[in-house]
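Shown below: start-v1.tsv, with TSV, C-alpha atoms and all ligand atoms.
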```tsv
chain	number	residue	atom	x	y	z
R	14	MET	CA	14.62	-67.64	-20.23
R	15	THR	CA	16.39	-64.83	-22.04
R	16	VAL	CA	16.33	-61.11	-21.32
R	17	ASP	CA	18.18	-58.29	-23.05
R	18	CYS	CA	20.62	-56.15	-21.11
R	19	ASN	CA	19.14	-52.67	-20.94
R	20	SER	CA	22.59	-51.13	-21.19
R	21	CYS	CA	24.39	-52.95	-24.01
R	22	GLY	CA	21.56	-55.07	-25.46
R	23	ALA	CA	23.29	-58.42	-24.97
R	24	PRO	CA	20.98	-61.40	-24.40
R	25	LEU	CA	21.27	-62.87	-20.90
R	26	GLU	CA	20.12	-66.24	-19.66
R	27	VAL	CA	18.29	-65.93	-16.31
R	28	GLY	CA	16.11	-68.14	-14.17
R	29	ALA	CA	12.36	-67.50	-14.23
R	30	LYS	CA	12.39	-66.08	-10.68
R	31	THR	CA	15.70	-64.24	-10.84
R	32	ARG	CA	15.27	-60.57	-9.85
R	33	PHE	CA	18.80	-59.24	-10.24
R	34	VAL	CA	21.59	-60.10	-12.65
R	35	THR	CA	24.96	-58.68	-13.63
R	36	CYS	CA	25.54	-58.40	-17.37
R	37	ARG	CA	28.33	-60.70	-18.55
R	38	TYR	CA	29.32	-58.23	-21.26
R	39	CYS	CA	29.13	-54.72	-19.82
R	40	SER	CA	29.14	-55.66	-16.09
R	41	LYS	CA	26.13	-53.43	-15.31
R	42	ARG	CA	23.93	-54.49	-12.41
R	43	LEU	CA	20.42	-55.07	-13.71
R	44	ALA	CA	17.00	-55.46	-12.11
R	45	ILE	CA	14.66	-57.85	-13.95
R	46	GLN	CA	11.21	-56.31	-14.15
R	47	HIS	CA	8.17	-58.49	-14.84
R	48	SER	CA	5.30	-56.61	-16.44
R	49	GLU	CA	2.09	-58.32	-17.59
R	50	SER	CA	3.19	-58.74	-21.20
R	51	SER	CA	6.95	-58.77	-21.06
R	52	VAL	CA	10.11	-59.18	-19.04
R	53	TYR	CA	12.75	-56.47	-19.31
R	54	THR	CA	15.80	-55.21	-17.45
R	55	GLU	CA	16.66	-51.88	-15.85
R	56	VAL	CA	20.13	-50.72	-14.98
R	57	LEU	CA	20.26	-50.48	-11.18
R	58	ASP	CA	22.26	-47.23	-11.07
R	59	ASP	CA	19.55	-45.53	-13.16
R	60	ILE	CA	16.87	-46.68	-10.71
R	61	LYS	CA	18.84	-45.43	-7.77
R	62	GLU	CA	19.53	-42.08	-9.43
R	63	SER	CA	15.89	-41.43	-10.28
R	64	THR	CA	14.85	-42.48	-6.77
R	65	ASP	CA	17.38	-40.09	-5.30
R	66	LYS	CA	16.12	-37.32	-7.56
R	67	ILE	CA	12.52	-37.94	-6.52
R	68	SER	CA	13.31	-37.91	-2.81
R	69	GLN	CA	15.36	-34.72	-3.33
R	70	ASP	CA	12.43	-33.05	-5.11
R	71	MET	CA	10.09	-34.21	-2.35
R	72	GLU	CA	12.37	-32.68	0.26
R	73	VAL	CA	12.37	-29.34	-1.57
R	74	ILE	CA	8.57	-29.35	-1.87
R	75	LYS	CA	8.25	-30.21	1.81
R	76	LEU	CA	10.56	-27.35	2.79
R	77	GLN	CA	8.73	-24.91	0.53
R	78	ASN	CA	5.42	-25.96	2.06
R	79	ARG	CA	6.80	-25.45	5.53
R	80	LEU	CA	8.07	-22.00	4.54
R	81	GLU	CA	4.65	-21.02	3.23
R	82	GLN	CA	2.97	-22.39	6.34
R	83	LEU	CA	5.42	-20.52	8.55
R	84	ASP	CA	4.67	-17.25	6.68
R	85	ARG	CA	0.92	-17.80	7.02
R	86	GLU	CA	1.21	-18.54	10.73
R	87	TRP	CA	3.36	-15.46	11.22
R	88	LEU	CA	0.81	-13.23	9.48
R	89	LEU	CA	-1.87	-14.51	11.87
R	90	GLN	CA	0.39	-14.17	14.89
R	91	ARG	CA	1.41	-10.68	13.84
R	92	GLU	CA	-2.27	-9.75	13.65
R	93	SER	CA	-2.66	-10.66	17.32
R	94	PHE	CA	0.09	-8.18	18.25
R	95	MET	CA	-1.44	-5.28	16.31
R	96	VAL	CA	-2.41	-2.21	18.31
R	97	THR	CA	-4.72	0.67	17.52
R	98	SER	CA	-2.76	3.60	16.22
R	99	LYS	CA	-3.47	7.31	16.74
R	100	ASP	CA	-5.61	7.54	13.59
R	101	GLY	CA	-7.65	4.50	14.64
R	102	GLY	CA	-6.01	2.06	12.22
R	103	LYS	CA	-4.05	-1.06	13.08
R	104	GLN	CA	-0.30	-0.96	13.42
R	105	LEU	CA	2.50	-3.07	14.79
R	106	PRO	CA	3.85	-2.21	18.23
R	107	THR	CA	7.25	-0.87	17.29
R	108	THR	CA	9.02	0.75	20.19
R	109	GLY	CA	9.40	4.25	18.73
R	110	GLY	CA	6.08	5.13	17.13
R	111	TYR	CA	3.86	3.14	19.41
R	112	ILE	CA	5.08	4.14	22.87
R	113	ILE	CA	6.14	7.72	22.26
R	114	GLY	CA	3.21	8.25	19.90
R	115	GLY	CA	0.55	7.49	22.43
R	116	VAL	CA	0.58	5.01	25.23
R	117	PHE	CA	3.48	6.38	27.22
R	118	ILE	CA	2.28	9.99	27.08
R	119	ALA	CA	-1.31	8.94	27.75
R	120	GLY	CA	-0.06	6.92	30.72
R	121	ILE	CA	1.80	9.93	32.13
R	122	PHE	CA	-1.22	12.17	31.62
R	123	ILE	CA	-3.52	9.73	33.36
R	124	ALA	CA	-1.03	9.32	36.23
R	125	VAL	CA	-0.62	13.12	36.60
R	126	PHE	CA	-4.35	13.54	36.55
R	127	GLY	CA	-4.62	10.84	39.22
R	128	PHE	CA	-2.07	12.60	41.45
R	129	ILE	CA	-3.70	16.02	41.08
R	130	TRP	CA	-7.15	14.59	41.63
R	131	THR	CA	-6.03	12.65	44.71
R	132	GLY	CA	-4.24	15.68	46.20
R	133	PHE	CA	-7.13	17.98	45.43
R	134	THR	CA	-9.82	15.75	46.91
R	135	LEU	CA	-7.67	15.01	49.98
R	136	SER	CA	-7.08	18.73	50.61
R	137	MET	CA	-10.81	19.37	50.24
R	138	GLY	CA	-11.52	16.70	52.84
R	139	ALA	CA	-13.77	14.87	50.34
R	140	PRO	CA	-15.13	11.42	51.22
R	141	ALA	CA	-12.58	8.59	50.78
R	142	ILE	CA	-14.12	7.40	47.52
R	143	PHE	CA	-12.86	10.52	45.69
R	144	PRO	CA	-9.11	10.27	46.46
R	145	LEU	CA	-9.37	6.48	45.92
R	146	PHE	CA	-10.68	7.21	42.46
R	147	GLY	CA	-7.49	9.19	41.76
R	148	VAL	CA	-5.32	6.33	43.08
R	149	ALA	CA	-7.19	3.95	40.77
R	150	PHE	CA	-6.22	6.21	37.85
R	151	ILE	CA	-2.54	6.06	38.81
R	152	ILE	CA	-2.62	2.25	39.07
R	153	PHE	CA	-4.48	2.05	35.76
R	154	SER	CA	-1.81	4.15	33.99
R	155	VAL	CA	1.07	2.09	35.42
R	156	VAL	CA	-0.55	-1.25	34.54
R	157	GLY	CA	-1.55	0.03	31.10
R	158	THR	CA	1.95	1.24	30.28
R	159	ALA	CA	3.54	-1.98	31.56
R	160	THR	CA	1.13	-4.05	29.47
R	161	SER	CA	1.98	-2.03	26.38
R	162	LEU	CA	5.70	-2.44	26.96
R	163	GLY	CA	5.13	-6.17	27.43
R	164	LYS	CA	3.29	-6.27	24.13
R	165	VAL	CA	6.20	-4.61	22.34
R	166	LYS	CA	8.63	-7.08	23.90
R	167	GLY	CA	6.37	-10.03	23.06
R	168	TYR	CA	6.12	-8.90	19.46
R	169	GLN	CA	9.86	-8.46	19.12
R	170	ASN	CA	10.50	-11.94	20.57
R	171	ALA	CA	7.92	-13.54	18.28
R	172	GLN	CA	9.38	-11.74	15.25
R	173	MET	CA	12.86	-12.93	16.16
R	174	ARG	CA	11.66	-16.56	16.48
R	175	TYR	CA	9.91	-16.32	13.12
R	176	GLN	CA	12.93	-14.85	11.34
R	177	THR	CA	15.32	-17.41	12.84
R	178	HIS	CA	13.06	-20.30	11.85
R	179	ARG	CA	12.62	-18.88	8.34
R	180	CYS	CA	16.37	-18.46	7.93
R	181	GLN	CA	16.96	-22.08	8.94
R	182	LEU	CA	14.40	-23.37	6.43
R	183	GLN	CA	15.74	-21.19	3.65
R	184	HIS	CA	19.27	-22.28	4.39
R	185	ARG	CA	18.24	-25.93	3.92
R	186	LEU	CA	16.66	-25.06	0.57
R	187	LEU	CA	19.92	-23.72	-0.83
R	201	ZN	ZN	25.18	-55.39	-20.75
```
Let's see the structure in the file written out as structure tokens.
Amino acid sequence: MTVDCNSCGAPLEVGAKTRFVTCRYCSKRLAIQHSESSVYTEVLDDIKESTDKISQDMEVIKLQNRLEQLDREWLLQRESFMVTSKDGGKQLPTTGGYIIGGVFIAGIFIAVFGFIWTGFTLSMGAPAIFPLFGVAFIIFSVVGTATSLGKVKGYQNAQMRYQTHRCQLQHRLL
């Protein structure tokens, strides 16, 4: 049977089951496509180019989706690091505002109170439960402050991981 070259239009003789042919006139490599009503040719380079373009577009969409997902996940994760600020709202545990603003000073106050209370009750000869109560306050303030510092560190690490990952994705998009 005869098909036309899709590049130069020359008629080409091909077998009924032939799938690829090289044009005798313009030397283009052609794929022979069989549709229901007709048989036509496509230049192979064109097919490859459009396939490459599609897979490139797919890659970009995939990367963009991953960026959006990463941002969403980070917003959720960030939420879990939020602490209650002085005015009762939510804020991120940044080293300056958070520690100096409240927890550290509160921790010192509680510890000082614990020491004074323990000393006072001991000097009064109060039953053991009273000085122990003061010791509990000191332990509470130390553990509380350490936990807060851990939270700040945890937040900073998580933020670093997020930013690094985001940078890598964005770099691949360029
Ligand atoms: Zn041709």
**Near-ligand residues for ligand ZN 201 (chain R), threshold 10 Å, all atoms listed in the file, as a PyMOL selection string** = chain R and resi 17-25+35-43+54+56
Would you mind exporting C-alpha atoms of the selected residues as a PDB file, in the frame of the given file?
```pdb
ATOM      1  CA  ASP R  17      18.180 -58.290 -23.050  1.00  0.00           C
ATOM      2  CA  CYS R  18      20.620 -56.150 -21.110  1.00  0.00           C
ATOM      3  CA  ASN R  19      19.140 -52.670 -20.940  1.00  0.00           C
ATOM      4  CA  SER R  20      22.590 -51.130 -21.190  1.00  0.00           C
ATOM      5  CA  CYS R  21      24.390 -52.950 -24.010  1.00  0.00           C
ATOM      6  CA  GLY R  22      21.560 -55.070 -25.460  1.00  0.00           C
ATOM      7  CA  ALA R  23      23.290 -58.420 -24.970  1.00  0.00           C
ATOM      8  CA  PRO R  24      20.980 -61.400 -24.400  1.00  0.00           C
ATOM      9  CA  LEU R  25      21.270 -62.870 -20.900  1.00  0.00           C
ATOM     10  CA  THR R  35      24.960 -58.680 -13.630  1.00  0.00           C
ATOM     11  CA  CYS R  36      25.540 -58.400 -17.370  1.00  0.00           C
ATOM     12  CA  ARG R  37      28.330 -60.700 -18.550  1.00  0.00           C
ATOM     13  CA  TYR R  38      29.320 -58.230 -21.260  1.00  0.00           C
ATOM     14  CA  CYS R  39      29.130 -54.720 -19.820  1.00  0.00           C
ATOM     15  CA  SER R  40      29.140 -55.660 -16.090  1.00  0.00           C
ATOM     16  CA  LYS R  41      26.130 -53.430 -15.310  1.00  0.00           C
ATOM     17  CA  ARG R  42      23.930 -54.490 -12.410  1.00  0.00           C
ATOM     18  CA  LEU R  43      20.420 -55.070 -13.710  1.00  0.00           C
ATOM     19  CA  THR R  54      15.800 -55.210 -17.450  1.00  0.00           C
ATOM     20  CA  VAL R  56      20.130 -50.720 -14.980  1.00  0.00           C
TER      21      VAL R  56
END
```
8 Å contact set for segment 120-128 of chain R, all atoms listed in the file, chain neighbours under 5 positions out, as a PDB file with C-alpha atoms, keeping the file's coordinate frame:
```
ATOM      1  CA  PHE R 146     -10.680   7.210  42.460  1.00  0.00           C
ATOM      2  CA  GLY R 147      -7.490   9.190  41.760  1.00  0.00           C
ATOM      3  CA  VAL R 148      -5.320   6.330  43.080  1.00  0.00           C
ATOM      4  CA  ALA R 149      -7.190   3.950  40.770  1.00  0.00           C
ATOM      5  CA  PHE R 150      -6.220   6.210  37.850  1.00  0.00           C
ATOM      6  CA  ILE R 151      -2.540   6.060  38.810  1.00  0.00           C
ATOM      7  CA  ILE R 152      -2.620   2.250  39.070  1.00  0.00           C
ATOM      8  CA  SER R 154      -1.810   4.150  33.990  1.00  0.00           C
ATOM      9  CA  VAL R 155       1.070   2.090  35.420  1.00  0.00           C
ATOM     10  CA  GLY R 157      -1.550   0.030  31.100  1.00  0.00           C
ATOM     11  CA  THR R 158       1.950   1.240  30.280  1.00  0.00           C
TER      12      THR R 158
END
```
Edge lengths and centre in Å to one decimal, as AutoDock Vina command-line options, is what I'm after for the box along x, y and z that holds all listed atoms of segment 78-83 of chain R once 3 Å is added on each side.
```
--center_x 5.5 --center_y -23.2 --center_z 5.3 --size_x 11.1 --size_y 11.4 --size_z 12.5
```
**Message:** Could you check which residues have any atom within 9 Å of (7.1, -22.7, 14.8), counting all atoms listed in the file with coordinates taken straight from the file, and then list them as a list in words?
**Reply:**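 Residues found, by chain and rising number: Leu83, Glu86, Trp87, Arg174, Tyr175 and His178 of chain R.
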**Request:** Select, from R:Val34, R:Leu145, R:Lys103, R:Gln46, the residue with the minimum atom-to-atom distance to Phe133 of chain R, counting all atoms listed in the file.
**Result:**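 Nearest to Phe133 of chain R: R:Leu145.
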**Point-to-point distance in Å for atom CA of Asn170 of chain R and atom CA of Leu88 of chain R** = 14.8 Å
**Interatomic distance, atom CA of Ile74 of chain R to atom CA of Leu182 of chain R (Å, one decimal)** = 11.8 Å
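One distance worth recording is that between atom CA of Gln169 of chain R and atom CA of Val96 of chain R, which is 13.8 Å.
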